[in-house]
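**Q** Have a peek at my_file-v4.cif (mmCIF, C-alpha atoms and all ligand atoms).
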data_entry
loop_
_atom_site.label_atom_id
_atom_site.label_comp_id
_atom_site.auth_asym_id
_atom_site.auth_seq_id
_atom_site.Cartn_x
_atom_site.Cartn_y
_atom_site.Cartn_z
CA MET Z 1 4.36 11.96 -27.44
CA PRO Z 2 7.44 11.11 -25.39
CA ARG Z 3 7.37 7.67 -23.89
CA LEU Z 4 9.55 5.73 -21.51
CA GLN Z 5 11.72 3.00 -22.85
CA GLY Z 6 10.95 -0.69 -22.51
CA GLN Z 7 12.70 -2.95 -20.08
CA ALA Z 8 15.70 -3.78 -22.26
CA LEU Z 9 16.71 -0.16 -22.57
CA LEU Z 10 15.99 0.53 -18.93
CA ARG Z 11 18.95 -1.55 -17.86
CA THR Z 12 21.72 0.36 -16.20
CA PRO Z 13 25.20 0.13 -17.72
CA SER Z 14 26.76 -3.05 -16.40
CA ASN Z 15 29.62 -1.26 -14.70
CA ALA Z 16 27.32 1.07 -12.74
CA ARG Z 17 27.36 0.29 -9.02
CA ARG Z 18 24.97 1.37 -6.34
CA GLY Z 19 26.26 4.72 -5.14
CA ASP Z 20 27.43 5.86 -8.56
CA VAL Z 21 25.83 9.10 -9.62
CA LEU Z 22 23.98 8.22 -12.80
CA PRO Z 23 22.42 10.68 -15.20
CA HIS Z 24 18.70 11.23 -14.92
CA ALA Z 25 16.37 9.38 -17.23
CA VAL Z 26 15.66 10.92 -20.59
CA ALA Z 27 12.35 10.24 -22.27
CA SER Z 28 12.59 8.89 -25.80
CA ASP Z 29 10.92 10.38 -28.81
CA ASP Z 30 8.23 8.60 -30.86
CA ARG Z 31 10.81 6.54 -32.69
CA GLY Z 32 12.29 5.37 -29.42
CA ASN Z 33 15.84 6.19 -30.40
CA VAL Z 34 17.01 8.26 -27.43
CA PRO Z 35 18.82 6.08 -24.89
CA CYS Z 36 17.31 6.16 -21.44
CA VAL Z 37 19.54 5.55 -18.42
CA PRO Z 38 17.70 5.36 -15.14
CA SER Z 39 18.98 7.51 -12.30
CA LYS Z 40 18.18 5.01 -9.54
CA ARG Z 41 17.20 1.42 -8.95
CA ALA Z 42 14.40 0.56 -6.57
CA LEU Z 43 13.64 -2.86 -5.18
CA ILE Z 44 10.02 -3.29 -4.11
CA ILE Z 45 9.33 -6.25 -1.85
CA GLY Z 46 5.68 -7.17 -2.32
CA ILE Z 47 5.35 -5.40 -5.66
CA SER Z 48 2.14 -7.05 -6.86
CA GLY Z 49 -0.32 -5.50 -4.40
CA GLN Z 50 -2.16 -2.21 -4.60
CA ASP Z 51 0.67 -0.15 -3.15
CA GLY Z 52 3.50 -2.01 -4.89
CA SER Z 53 1.98 -1.57 -8.31
CA LEU Z 54 1.09 2.10 -7.81
CA LEU Z 55 4.54 2.82 -6.38
CA SER Z 56 6.16 1.08 -9.36
CA GLU Z 57 4.25 3.30 -11.76
CA LEU Z 58 5.32 6.39 -9.86
CA LEU Z 59 8.98 5.35 -9.74
CA LEU Z 60 9.02 4.48 -13.44
CA SER Z 61 7.64 7.92 -14.20
CA GLU Z 62 10.46 9.36 -12.09
CA GLY Z 63 13.00 7.53 -14.24
CA TYR Z 64 13.78 4.66 -11.87
CA GLU Z 65 14.62 1.14 -12.81
CA VAL Z 66 12.11 -0.94 -10.87
CA ILE Z 67 12.79 -4.46 -9.66
CA GLY Z 68 10.08 -6.33 -7.83
CA VAL Z 69 10.09 -9.22 -5.42
CA VAL Z 70 7.21 -11.68 -5.37
CA ARG Z 71 6.72 -14.89 -3.40
CA GLN Z 72 4.95 -16.74 -6.20
CA SER Z 73 6.49 -17.78 -9.46
CA THR Z 74 7.53 -14.74 -11.49
CA SER Z 75 5.51 -16.10 -14.41
CA THR Z 76 2.25 -15.69 -12.45
CA ARG Z 77 -0.13 -13.20 -14.03
CA PHE Z 78 -0.17 -10.29 -11.61
CA GLU Z 79 -3.20 -8.25 -12.61
CA ASN Z 80 -2.00 -5.02 -10.99
CA LEU Z 81 1.31 -5.21 -12.83
CA GLU Z 82 -0.17 -5.83 -16.27
CA PRO Z 83 0.17 -2.20 -17.45
CA ILE Z 84 3.90 -2.12 -16.63
CA ARG Z 85 4.87 -5.77 -17.03
CA GLY Z 86 7.38 -5.10 -19.81
CA ARG Z 87 9.04 -2.32 -17.87
CA ILE Z 88 9.88 -4.01 -14.59
CA GLU Z 89 11.97 -6.98 -13.60
CA LEU Z 90 10.57 -9.58 -11.21
CA HIS Z 91 12.48 -11.82 -8.80
CA GLN Z 92 11.19 -14.57 -6.59
CA ALA Z 93 12.19 -14.32 -2.91
CA ASP Z 94 10.67 -14.72 0.50
CA VAL Z 95 10.99 -12.37 3.46
CA LEU Z 96 11.19 -15.45 5.68
CA SER Z 97 14.37 -16.52 3.90
CA GLU Z 98 17.26 -14.18 4.57
CA VAL Z 99 19.37 -16.09 2.05
CA SER Z 100 16.89 -15.36 -0.75
CA LEU Z 101 16.87 -11.69 0.26
CA VAL Z 102 20.67 -11.52 0.23
CA ASP Z 103 20.61 -13.07 -3.25
CA VAL Z 104 18.13 -10.60 -4.66
CA LEU Z 105 19.86 -7.61 -3.06
CA SER Z 106 23.24 -8.75 -4.39
CA ALA Z 107 21.85 -9.32 -7.88
CA SER Z 108 19.90 -6.08 -8.16
CA GLU Z 109 22.11 -3.61 -6.24
CA PRO Z 110 19.25 -1.24 -5.44
CA HIS Z 111 19.61 2.30 -4.14
CA GLU Z 112 16.22 2.10 -2.42
CA VAL Z 113 14.30 -0.83 -0.94
CA TYR Z 114 10.59 -0.56 -0.17
CA ASN Z 115 9.20 -3.26 2.11
CA LEU Z 116 5.51 -3.63 1.32
CA ALA Z 117 5.39 -7.37 1.92
CA SER Z 118 2.82 -8.14 4.60
CA PRO Z 119 -0.64 -9.56 5.03
CA SER Z 120 -3.00 -6.58 5.01
CA PHE Z 121 -6.51 -7.75 5.91
CA VAL Z 122 -6.68 -7.15 9.65
CA PRO Z 123 -9.41 -9.70 10.65
CA MET Z 124 -7.41 -12.47 8.95
CA SER Z 125 -4.64 -11.91 11.48
CA TRP Z 126 -6.82 -13.58 14.15
CA LYS Z 127 -7.02 -16.67 11.96
CA GLN Z 128 -3.33 -16.64 11.04
CA PRO Z 129 -1.57 -14.91 13.96
CA VAL Z 130 1.72 -16.80 13.62
CA LEU Z 131 1.96 -16.31 9.88
CA THR Z 132 1.12 -12.63 10.33
CA ALA Z 133 3.92 -12.22 12.87
CA GLU Z 134 6.36 -14.06 10.65
CA PHE Z 135 5.74 -11.87 7.63
CA ALA Z 136 4.95 -8.48 9.17
CA ALA Z 137 7.43 -8.66 12.06
CA VAL Z 138 10.25 -11.20 11.69
CA GLY Z 139 10.41 -10.67 7.93
CA VAL Z 140 11.37 -7.03 8.50
CA THR Z 141 14.33 -8.12 10.61
CA ALA Z 142 15.42 -10.58 7.94
CA LEU Z 143 15.33 -7.80 5.39
CA LEU Z 144 17.26 -5.37 7.57
CA GLU Z 145 19.86 -8.05 8.28
CA ALA Z 146 20.16 -8.81 4.56
CA ILE Z 147 20.67 -5.12 3.82
CA ARG Z 148 23.34 -4.90 6.50
CA ARG Z 149 25.18 -7.83 4.98
CA VAL Z 150 24.93 -6.78 1.33
CA ASP Z 151 25.12 -2.99 1.40
CA ASP Z 152 24.47 -0.83 4.45
CA GLY Z 153 24.19 2.27 2.27
CA VAL Z 154 20.81 1.20 0.87
CA ARG Z 155 17.82 3.38 1.76
CA PHE Z 156 15.07 1.29 3.35
CA TYR Z 157 11.36 2.09 3.61
CA GLN Z 158 9.16 0.14 6.02
CA ALA Z 159 5.39 0.14 5.49
CA SER Z 160 4.12 0.85 8.99
CA SER Z 161 0.41 1.15 9.67
CA SER Z 162 -1.95 3.22 11.81
CA GLU Z 163 -2.97 -0.12 13.38
CA ILE Z 164 0.15 0.22 15.56
CA PHE Z 165 -1.66 2.95 17.53
CA GLY Z 166 -4.57 0.61 18.35
CA GLU Z 167 -6.50 1.90 21.36
CA SER Z 168 -4.71 5.20 21.27
CA ARG Z 169 -5.04 7.68 24.12
CA GLU Z 170 -3.84 10.47 21.87
CA VAL Z 171 -6.09 11.87 19.17
CA PRO Z 172 -4.91 12.66 16.52
CA GLN Z 173 -1.80 10.49 16.44
CA THR Z 174 1.68 11.74 15.56
CA GLU Z 175 5.07 10.09 15.16
CA GLU Z 176 5.52 10.45 18.94
CA THR Z 177 2.24 8.80 19.98
CA PRO Z 178 2.86 5.66 22.10
CA LEU Z 179 2.02 2.40 20.35
CA ALA Z 180 -0.97 0.43 21.72
CA PRO Z 181 -1.87 -2.20 19.11
CA VAL Z 182 -4.78 -4.55 19.80
CA THR Z 183 -4.81 -6.99 16.86
CA PRO Z 184 -2.19 -9.61 15.90
CA TYR Z 185 -1.70 -7.55 12.73
CA GLY Z 186 -1.18 -4.34 14.74
CA VAL Z 187 1.21 -6.03 17.16
CA ALA Z 188 3.27 -7.49 14.29
CA LYS Z 189 3.36 -4.13 12.52
CA ALA Z 190 4.46 -2.45 15.77
CA TYR Z 191 7.40 -4.85 15.89
CA GLY Z 192 8.26 -4.04 12.26
CA HIS Z 193 8.09 -0.34 13.05
CA LEU Z 194 10.26 -0.59 16.15
CA ILE Z 195 12.89 -2.88 14.64
CA THR Z 196 13.29 -0.40 11.78
CA ARG Z 197 13.95 2.35 14.31
CA SER Z 198 16.22 0.09 16.26
CA TYR Z 199 18.44 -0.70 13.24
CA ARG Z 200 18.55 2.97 12.34
CA ARG Z 201 19.77 3.82 15.82
CA GLN Z 202 22.13 0.92 16.39
CA TYR Z 203 23.71 0.53 12.95
CA GLY Z 204 23.10 3.94 11.45
CA LEU Z 205 21.11 2.40 8.59
CA TYR Z 206 19.04 4.71 6.45
CA ALA Z 207 15.80 3.02 7.57
CA SER Z 208 12.55 5.00 7.55
CA SER Z 209 8.91 4.21 8.23
CA GLY Z 210 5.76 5.65 6.76
CA ILE Z 211 2.90 5.20 9.23
CA LEU Z 212 0.10 5.04 6.71
CA TYR Z 213 -3.59 5.33 7.52
CA ASN Z 214 -6.21 3.60 5.35
CA HIS Z 215 -5.48 4.22 1.69
CA GLU Z 216 -7.65 2.90 -1.08
CA SER Z 217 -7.88 2.58 -4.85
CA PRO Z 218 -9.67 0.48 -7.47
CA ARG Z 219 -6.86 -2.07 -6.90
CA ARG Z 220 -8.03 -2.79 -3.34
CA PRO Z 221 -9.30 -6.35 -2.95
CA LEU Z 222 -13.03 -6.65 -2.24
CA ASP Z 223 -12.45 -7.70 1.40
CA PHE Z 224 -11.82 -4.12 2.41
CA VAL Z 225 -14.84 -2.00 3.20
CA THR Z 226 -14.21 0.73 0.62
CA ARG Z 227 -14.07 -1.63 -2.37
CA LYS Z 228 -16.78 -3.82 -0.91
CA ILE Z 229 -19.11 -0.82 -0.85
CA SER Z 230 -18.06 0.75 -4.15
CA HIS Z 231 -18.35 -2.61 -5.92
CA ALA Z 232 -21.76 -3.25 -4.38
CA ALA Z 233 -23.06 0.21 -5.30
CA ALA Z 234 -21.83 -0.28 -8.86
CA ALA Z 235 -23.23 -3.81 -9.17
CA ILE Z 236 -26.61 -2.85 -7.72
CA SER Z 237 -26.88 0.17 -10.01
CA LEU Z 238 -26.33 -2.17 -12.97
CA GLY Z 239 -28.95 -4.63 -11.71
CA LEU Z 240 -26.34 -7.30 -10.96
CA LYS Z 241 -27.15 -7.72 -7.29
CA SER Z 242 -29.54 -6.26 -4.75
CA GLU Z 243 -27.84 -5.89 -1.38
CA VAL Z 244 -24.58 -5.92 0.54
CA LEU Z 245 -23.82 -7.14 4.07
CA LEU Z 246 -21.65 -4.90 6.23
CA GLY Z 247 -20.37 -4.86 9.81
CA ASN Z 248 -20.16 -1.83 12.07
CA LEU Z 249 -21.65 1.16 10.26
CA ASP Z 250 -20.48 3.54 12.99
CA ALA Z 251 -16.81 2.55 12.62
CA ARG Z 252 -14.73 5.53 11.53
CA ARG Z 253 -11.54 5.63 9.56
CA ASP Z 254 -9.13 8.22 8.18
CA TRP Z 255 -9.32 7.31 4.48
CA GLY Z 256 -7.16 8.55 1.62
CA TYR Z 257 -6.28 7.71 -1.98
CA ALA Z 258 -3.45 5.17 -2.36
CA GLY Z 259 -1.93 7.09 -5.29
CA ASP Z 260 -1.29 10.00 -2.93
CA TYR Z 261 0.14 7.71 -0.27
CA VAL Z 262 2.70 5.96 -2.48
CA ARG Z 263 3.99 9.42 -3.41
CA ALA Z 264 4.60 9.95 0.30
CA MET Z 265 6.56 6.66 0.46
CA TRP Z 266 8.87 7.88 -2.24
CA LEU Z 267 9.30 11.32 -0.63
CA VAL Z 268 10.19 9.64 2.69
CA LEU Z 269 13.27 8.10 1.05
CA GLN Z 270 14.34 11.36 -0.60
CA GLN Z 271 15.11 13.06 2.74
CA ASP Z 272 18.67 13.66 3.93
CA GLU Z 273 18.04 11.79 7.18
CA ALA Z 274 16.04 8.62 7.78
CA ASP Z 275 12.95 9.25 9.91
CA ASP Z 276 9.33 8.23 10.57
CA PHE Z 277 6.31 10.01 9.11
CA VAL Z 278 2.56 9.81 9.71
CA ILE Z 279 0.72 9.85 6.38
CA ALA Z 280 -2.99 10.59 6.78
CA SER Z 281 -5.80 12.83 5.62
CA GLY Z 282 -6.50 14.05 9.15
CA GLN Z 283 -10.25 13.51 8.77
CA THR Z 284 -12.46 10.60 9.65
CA HIS Z 285 -15.68 9.38 8.12
CA SER Z 286 -17.97 6.56 9.17
CA VAL Z 287 -18.74 3.45 7.17
CA ARG Z 288 -22.31 4.78 7.01
CA GLU Z 289 -21.09 8.01 5.37
CA LEU Z 290 -19.04 5.95 2.96
CA ALA Z 291 -22.05 3.86 1.96
CA GLU Z 292 -24.26 6.92 1.67
CA ALA Z 293 -21.78 8.71 -0.62
CA ALA Z 294 -21.10 5.64 -2.79
CA PHE Z 295 -24.74 4.77 -3.37
CA ALA Z 296 -25.71 8.41 -3.91
CA HIS Z 297 -23.08 8.63 -6.64
CA VAL Z 298 -25.03 6.07 -8.69
CA GLY Z 299 -28.41 7.56 -7.75
CA LEU Z 300 -29.35 4.99 -5.07
CA ASP Z 301 -30.47 5.19 -1.45
CA TRP Z 302 -27.97 3.14 0.58
CA GLU Z 303 -30.53 2.26 3.25
CA GLU Z 304 -32.48 0.21 0.73
CA HIS Z 305 -29.49 -2.00 -0.07
CA VAL Z 306 -27.25 -2.29 3.01
CA ARG Z 307 -27.88 -4.92 5.69
CA VAL Z 308 -25.84 -5.37 8.85
CA ASP Z 309 -24.33 -8.79 9.42
CA ASP Z 310 -23.33 -9.17 13.08
CA THR Z 311 -20.60 -11.67 12.21
CA LEU Z 312 -18.72 -8.85 10.45
CA ILE Z 313 -18.63 -6.66 13.57
CA ARG Z 314 -15.15 -6.64 15.11
CA GLY Z 315 -16.16 -6.08 18.74
CA LYS Z 316 -13.21 -5.46 21.06
CA ALA Z 317 -10.82 -5.52 18.11
CA GLU Z 318 -12.46 -2.46 16.53
CA LEU Z 319 -10.30 0.66 16.63
CA HIS Z 320 -11.67 4.03 17.68
CA ASP Z 321 -10.32 7.53 17.22
CA ILE Z 322 -7.75 6.48 14.64
CA VAL Z 323 -6.93 9.72 12.89
CA GLY Z 324 -3.52 10.95 11.85
CA ASP Z 325 -1.76 14.28 12.23
CA SER Z 326 0.54 14.42 9.22
CA SER Z 327 1.94 17.92 9.94
CA LYS Z 328 5.50 16.60 9.91
CA ALA Z 329 5.05 15.03 6.45
CA ARG Z 330 3.34 18.16 5.17
CA GLU Z 331 6.15 20.40 6.41
CA GLN Z 332 9.22 18.25 5.81
CA LEU Z 333 8.18 16.22 2.77
CA GLY Z 334 5.97 18.91 1.23
CA TRP Z 335 3.33 16.18 0.98
CA SER Z 336 -0.42 16.67 1.01
CA PRO Z 337 -3.19 14.49 -0.38
CA ARG Z 338 -4.67 15.56 -3.72
CA VAL Z 339 -7.83 13.43 -3.56
CA ASP Z 340 -10.36 14.09 -0.77
CA PHE Z 341 -12.98 11.72 0.66
CA ASP Z 342 -15.72 12.54 -1.86
CA GLY Z 343 -13.26 12.35 -4.73
CA LEU Z 344 -12.03 8.98 -3.48
CA VAL Z 345 -15.52 7.49 -3.21
CA GLN Z 346 -16.45 8.70 -6.69
CA LEU Z 347 -13.23 7.38 -8.18
CA LEU Z 348 -13.83 3.95 -6.63
CA VAL Z 349 -17.45 3.69 -7.72
CA ASP Z 350 -16.73 4.94 -11.25
CA ALA Z 351 -13.95 2.37 -11.62
CA ASP Z 352 -16.24 -0.45 -10.48
CA VAL Z 353 -19.05 0.62 -12.79
CA GLU Z 354 -16.59 0.70 -15.65
CA ARG Z 355 -15.08 -2.66 -14.75
CA LEU Z 356 -18.44 -4.39 -14.36
CA ARG Z 357 -19.74 -2.92 -17.61
CA SER Z 358 -16.74 -4.00 -19.60
CA ARG Z 359 -16.52 -7.47 -18.11
CA ALA Z 360 -20.27 -8.03 -17.93
CA GLU Z 361 -19.77 -10.34 -14.92
CA PRO Z 362 -22.61 -12.81 -14.49
CA VAL Z 363 -24.98 -12.27 -11.57
CA GLU Z 364 -24.02 -15.57 -9.86
CA THR Z 365 -20.42 -14.49 -9.33
CA LEU Z 366 -21.51 -11.37 -7.51
CA ALA Z 367 -23.97 -12.89 -5.08
CA ASP Z 368 -21.40 -13.82 -2.41
CA ILE Z 369 -19.21 -10.76 -2.48
P1 LIG R 401 -8.77 -1.73 8.24
O1 LIG R 401 -9.59 -1.74 6.85
O2 LIG R 401 -9.07 -2.90 9.08
O3 LIG R 401 -8.93 -0.38 8.86
O4 LIG R 401 -7.26 -1.91 7.76
P2 LIG R 401 -11.02 -2.35 6.45
O5 LIG R 401 -11.40 -1.73 5.19
O6 LIG R 401 -11.01 -3.84 6.51
O7 LIG R 401 -11.99 -1.86 7.64
C1 LIG R 401 -12.27 -0.48 7.85
C2 LIG R 401 -13.40 -0.29 8.83
O8 LIG R 401 -14.64 -0.71 8.23
C3 LIG R 401 -15.40 -1.45 9.18
N1 LIG R 401 -16.35 -2.33 8.47
C4 LIG R 401 -16.00 -3.31 7.62
N2 LIG R 401 -14.78 -3.72 7.19
C5 LIG R 401 -14.74 -4.73 6.29
N3 LIG R 401 -13.55 -5.14 5.84
N4 LIG R 401 -15.88 -5.33 5.81
C6 LIG R 401 -17.13 -4.94 6.23
O9 LIG R 401 -18.14 -5.50 5.79
C7 LIG R 401 -17.20 -3.88 7.17
N5 LIG R 401 -18.23 -3.22 7.78
C8 LIG R 401 -17.70 -2.30 8.56
C9 LIG R 401 -14.35 -2.19 9.98
O10 LIG R 401 -14.89 -2.65 11.23
C10 LIG R 401 -13.28 -1.10 10.12
O11 LIG R 401 -13.59 -0.26 11.18
C11 LIG R 401 -6.73 -1.26 6.62
C12 LIG R 401 -5.76 -2.24 5.96
O12 LIG R 401 -5.35 -1.71 4.73
C13 LIG R 401 -4.56 -2.48 6.80
O13 LIG R 401 -3.64 -3.32 6.12
C14 LIG R 401 -3.90 -1.12 7.09
O14 LIG R 401 -2.76 -1.30 7.87
C15 LIG R 401 -4.90 -0.22 7.76
O15 LIG R 401 -6.06 -0.07 6.95
C16 LIG R 401 -4.33 1.16 8.01
#
Starting from the file, give its structure as structure tokens.
Ligand code: GDR
**A**
Amino acid sequence: MPRLQGQALLRTPSNARRGDVLPHAVASDDRGNVPCVPSKRALIIGISGQDGSLLSELLLSEGYEVIGVVRQSTSTRFENLEPIRGRIELHQADVLSEVSLVDVLSASEPHEVYNLASPSFVPMSWKQPVLTAEFAAVGVTALLEAIRRVDDGVRFYQASSSEIFGESREVPQTEETPLAPVTPYGVAKAYGHLITRSYRRQYGLYASSGILYNHESPRRPLDFVTRKISHAAAAISLGLKSEVLLGNLDARRDWGYAGDYVRAMWLVLQQDEADDFVIASGQTHSVRELAEAAFAHVGLDWEEHVRVDDTLIRGKAELHDIVGDSSKAREQLGWSPRVDFDGLVQLLVDADVERLRSRAEPVETLADI
């Protein structure tokens, strides 16, 4: 079985500069004696989250050298990065410190930079509106400025979000739909989206945005409704808990599988021209449908186990009619999702059943989730 080389062999020759055309990666044989030179270096800001870790795996499989930026100490145990820990390099930097970004860009000389560093749980942005703006908005400017100073030939990807459309008058949304965010998170992300465009226009930077709709995987934290439901269905089916509290069951979202969406991120940076792309499934489902499908997958009736907790209902901050038209991505990137809604729900529930079985988590730890 061919395998990719470990980190030591993944280093690029010391005289290789960003912009050099390097040979494509070659997989080694079982004895590991074929040298492997990566074709490109990618710097992922916010590598330890769901998207950062999945994108790293994809880029490694494409022969990239992957360098990640984390805010915490690089010796922290990042669970999502465990499978690839020996194959990536981690640096500590902060998007609020342009100096630290200049340092990491100068040291790593990446061809591509993916900015995934941002708070992601939308309700939290009401509790931490300033922090949210600092990271999701101002941090993008710091990064663009750092790129301009170190190497304006770098390709930059900004993680934009469907939250920027907010109370949209256009359904479905495209790249041309006017922004109408309603949450501090959405407003901050709108700034990040617009400043990326602005630097592209003013300085000619290769700066692109992927406007991603909800994308999920077993690496989603339990705060998000997909994992909250899949984890509850799995735990209840194993007799570890008996019910789950949810908010608005009628809320609808355009959900997809994160593995498909990180592939779109990569494709966005492989285009000749920088641009913005909506990445979405184009279909919405309600939270009720999600619960029904997840519980049915483990042979349970959702109505016997789901209770509504009014404190979880978002009220005026709830988004309606958020559904993406990803025709441009489908035509120009050749992208389309491989996992549909049912496949996604099954994948999430199966992963939680497996995880709970293997860890045998005690009942007490599950009661509050
Ligand atoms: P969202 O994701 O806010 O769309 O942002 P989330 O999973 O939190 O909510 C989706 C929908 O489910 C409804 N809902 C609940 N949500 C949570 N979290 N918990 C509940 O108990 C619950 N009950 C009902 C919500 O009201 C909402 O309508 C995600 C994040 O990944 C963002 O970072 C990203 O930018 C957008 O998707 C696109």
**Q** Could you work out an axis-aligned box for ligand LIG 401 (chain R), taking every atom the file lists and adding 6 Å on each side, and report centre and edge lengths in Å to one decimal, as JSON?
**A**
{"center_x": -10.5, "center_y": -2.2, "center_z": 8.0, "size_x": 27.5, "size_y": 18.7, "size_z": 18.5}
**Q** Throw together the list of residues within 9 Å of ligand LIG 401 (chain R), counting all atoms listed in the file, and drop it here as a ChimeraX atom specification.
**A** /Z:118-123,159-164,185-186,189,211-216,220,222-229,244-255,286-288,308-309,312-315,317-320
**Q** Let me make sure I understand: among Z:Ala233, Z:Ala188, Z:Leu333, Z:Ile88, which one has the smallest atom-to-atom distance to Thr132 in chain Z if we use all atoms listed in the file?
**A**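 Of the candidates, the smallest distance to Thr132 in chain Z is held by Z:Ala188.
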**Q** Please determine the residues with any atom at most 12 Å from (-15.6, 7.9, -9.9) (coordinates as given in the file, with all atoms listed in the file counting) and report them as a list in words.
**A**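 The residues near that point, listed by chain and number, are Ser217, Pro218, Ser230, His231, Ala233, Ala234, Ala293, Ala294, Phe295, Ala296, His297, Val298, Val339, Phe341, Asp342, Gly343, Leu344, Val345, Gln346, Leu347, Leu348, Val349, Asp350, Ala351, Asp352, Val353, Glu354 and Arg355 of chain Z.
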**Q** Which polymer residues have any atom within 12 Å of an atom of range 145-149 of chain Z, counting all atoms listed in the file, with same-chain residues fewer than 2 positions away left out, as a ChimeraX atom specification?
**A** /Z:43,94-106,109-115,138-143,151-157,195-196,198-200,202-207
**Q** Filtering to C-alpha atoms, could you give me those residues as an mmCIF file, keeping the file's coordinate frame?
**A**
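Once everything was written out, this is result-v2.cif:
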data_model
loop_
_atom_site.group_PDB
_atom_site.id
_atom_site.type_symbol
_atom_site.label_atom_id
_atom_site.label_comp_id
_atom_site.auth_asym_id
_atom_site.auth_seq_id
_atom_site.Cartn_x
_atom_site.Cartn_y
_atom_site.Cartn_z
ATOM 1 C CA LEU Z 43 13.640 -2.860 -5.180
ATOM 2 C CA ASP Z 94 10.670 -14.720 0.500
ATOM 3 C CA VAL Z 95 10.990 -12.370 3.460
ATOM 4 C CA LEU Z 96 11.190 -15.450 5.680
ATOM 5 C CA SER Z 97 14.370 -16.520 3.900
ATOM 6 C CA GLU Z 98 17.260 -14.180 4.570
ATOM 7 C CA VAL Z 99 19.370 -16.090 2.050
ATOM 8 C CA SER Z 100 16.890 -15.360 -0.750
ATOM 9 C CA LEU Z 101 16.870 -11.690 0.260
ATOM 10 C CA VAL Z 102 20.670 -11.520 0.230
ATOM 11 C CA ASP Z 103 20.610 -13.070 -3.250
ATOM 12 C CA VAL Z 104 18.130 -10.600 -4.660
ATOM 13 C CA LEU Z 105 19.860 -7.610 -3.060
ATOM 14 C CA SER Z 106 23.240 -8.750 -4.390
ATOM 15 C CA GLU Z 109 22.110 -3.610 -6.240
ATOM 16 C CA PRO Z 110 19.250 -1.240 -5.440
ATOM 17 C CA HIS Z 111 19.610 2.300 -4.140
ATOM 18 C CA GLU Z 112 16.220 2.100 -2.420
ATOM 19 C CA VAL Z 113 14.300 -0.830 -0.940
ATOM 20 C CA TYR Z 114 10.590 -0.560 -0.170
ATOM 21 C CA ASN Z 115 9.200 -3.260 2.110
ATOM 22 C CA VAL Z 138 10.250 -11.200 11.690
ATOM 23 C CA GLY Z 139 10.410 -10.670 7.930
ATOM 24 C CA VAL Z 140 11.370 -7.030 8.500
ATOM 25 C CA THR Z 141 14.330 -8.120 10.610
ATOM 26 C CA ALA Z 142 15.420 -10.580 7.940
ATOM 27 C CA LEU Z 143 15.330 -7.800 5.390
ATOM 28 C CA ASP Z 151 25.120 -2.990 1.400
ATOM 29 C CA ASP Z 152 24.470 -0.830 4.450
ATOM 30 C CA GLY Z 153 24.190 2.270 2.270
ATOM 31 C CA VAL Z 154 20.810 1.200 0.870
ATOM 32 C CA ARG Z 155 17.820 3.380 1.760
ATOM 33 C CA PHE Z 156 15.070 1.290 3.350
ATOM 34 C CA TYR Z 157 11.360 2.090 3.610
ATOM 35 C CA ILE Z 195 12.890 -2.880 14.640
ATOM 36 C CA THR Z 196 13.290 -0.400 11.780
ATOM 37 C CA SER Z 198 16.220 0.090 16.260
ATOM 38 C CA TYR Z 199 18.440 -0.700 13.240
ATOM 39 C CA ARG Z 200 18.550 2.970 12.340
ATOM 40 C CA GLN Z 202 22.130 0.920 16.390
ATOM 41 C CA TYR Z 203 23.710 0.530 12.950
ATOM 42 C CA GLY Z 204 23.100 3.940 11.450
ATOM 43 C CA LEU Z 205 21.110 2.400 8.590
ATOM 44 C CA TYR Z 206 19.040 4.710 6.450
ATOM 45 C CA ALA Z 207 15.800 3.020 7.570
#
**Q** How many Å lie between CA of Asp276 in chain Z and CA of Trp335 in chain Z, rounded to one decimal?
**A**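 Calculated distance between CA of Asp276 in chain Z and CA of Trp335 in chain Z is 13.8 Å.
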**Q** Can you work out which one of Z:Leu194, Z:Leu59, Z:Ser125, Z:Arg41 has the shortest atom-to-atom distance to Ala107 in chain Z, counting only C-alpha atoms?
**A** Z:Arg41
**Q** I'd like to know which of Z:Asp275, Z:Val182, Z:Gln173, Z:Asp340 is closest to Trp126 in chain Z, using all atoms listed in the file.
**A**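 That would be Z:Val182, the residue with the smallest distance to Trp126 in chain Z.
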**Q** Would you mind reading off the distance between CA of Gln50 in chain Z and CA of Trp266 in chain Z, one decimal, in Å?
**A**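 We find that CA of Gln50 in chain Z and CA of Trp266 in chain Z lie 15.1 Å from each other.
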**Q** Under the rule that only C-alpha atoms are counted, which of Z:Lys40, Z:Arg87, Z:Arg359, Z:His285 is the nearest residue to Ala235 in chain Z?
**A** Z:Arg359
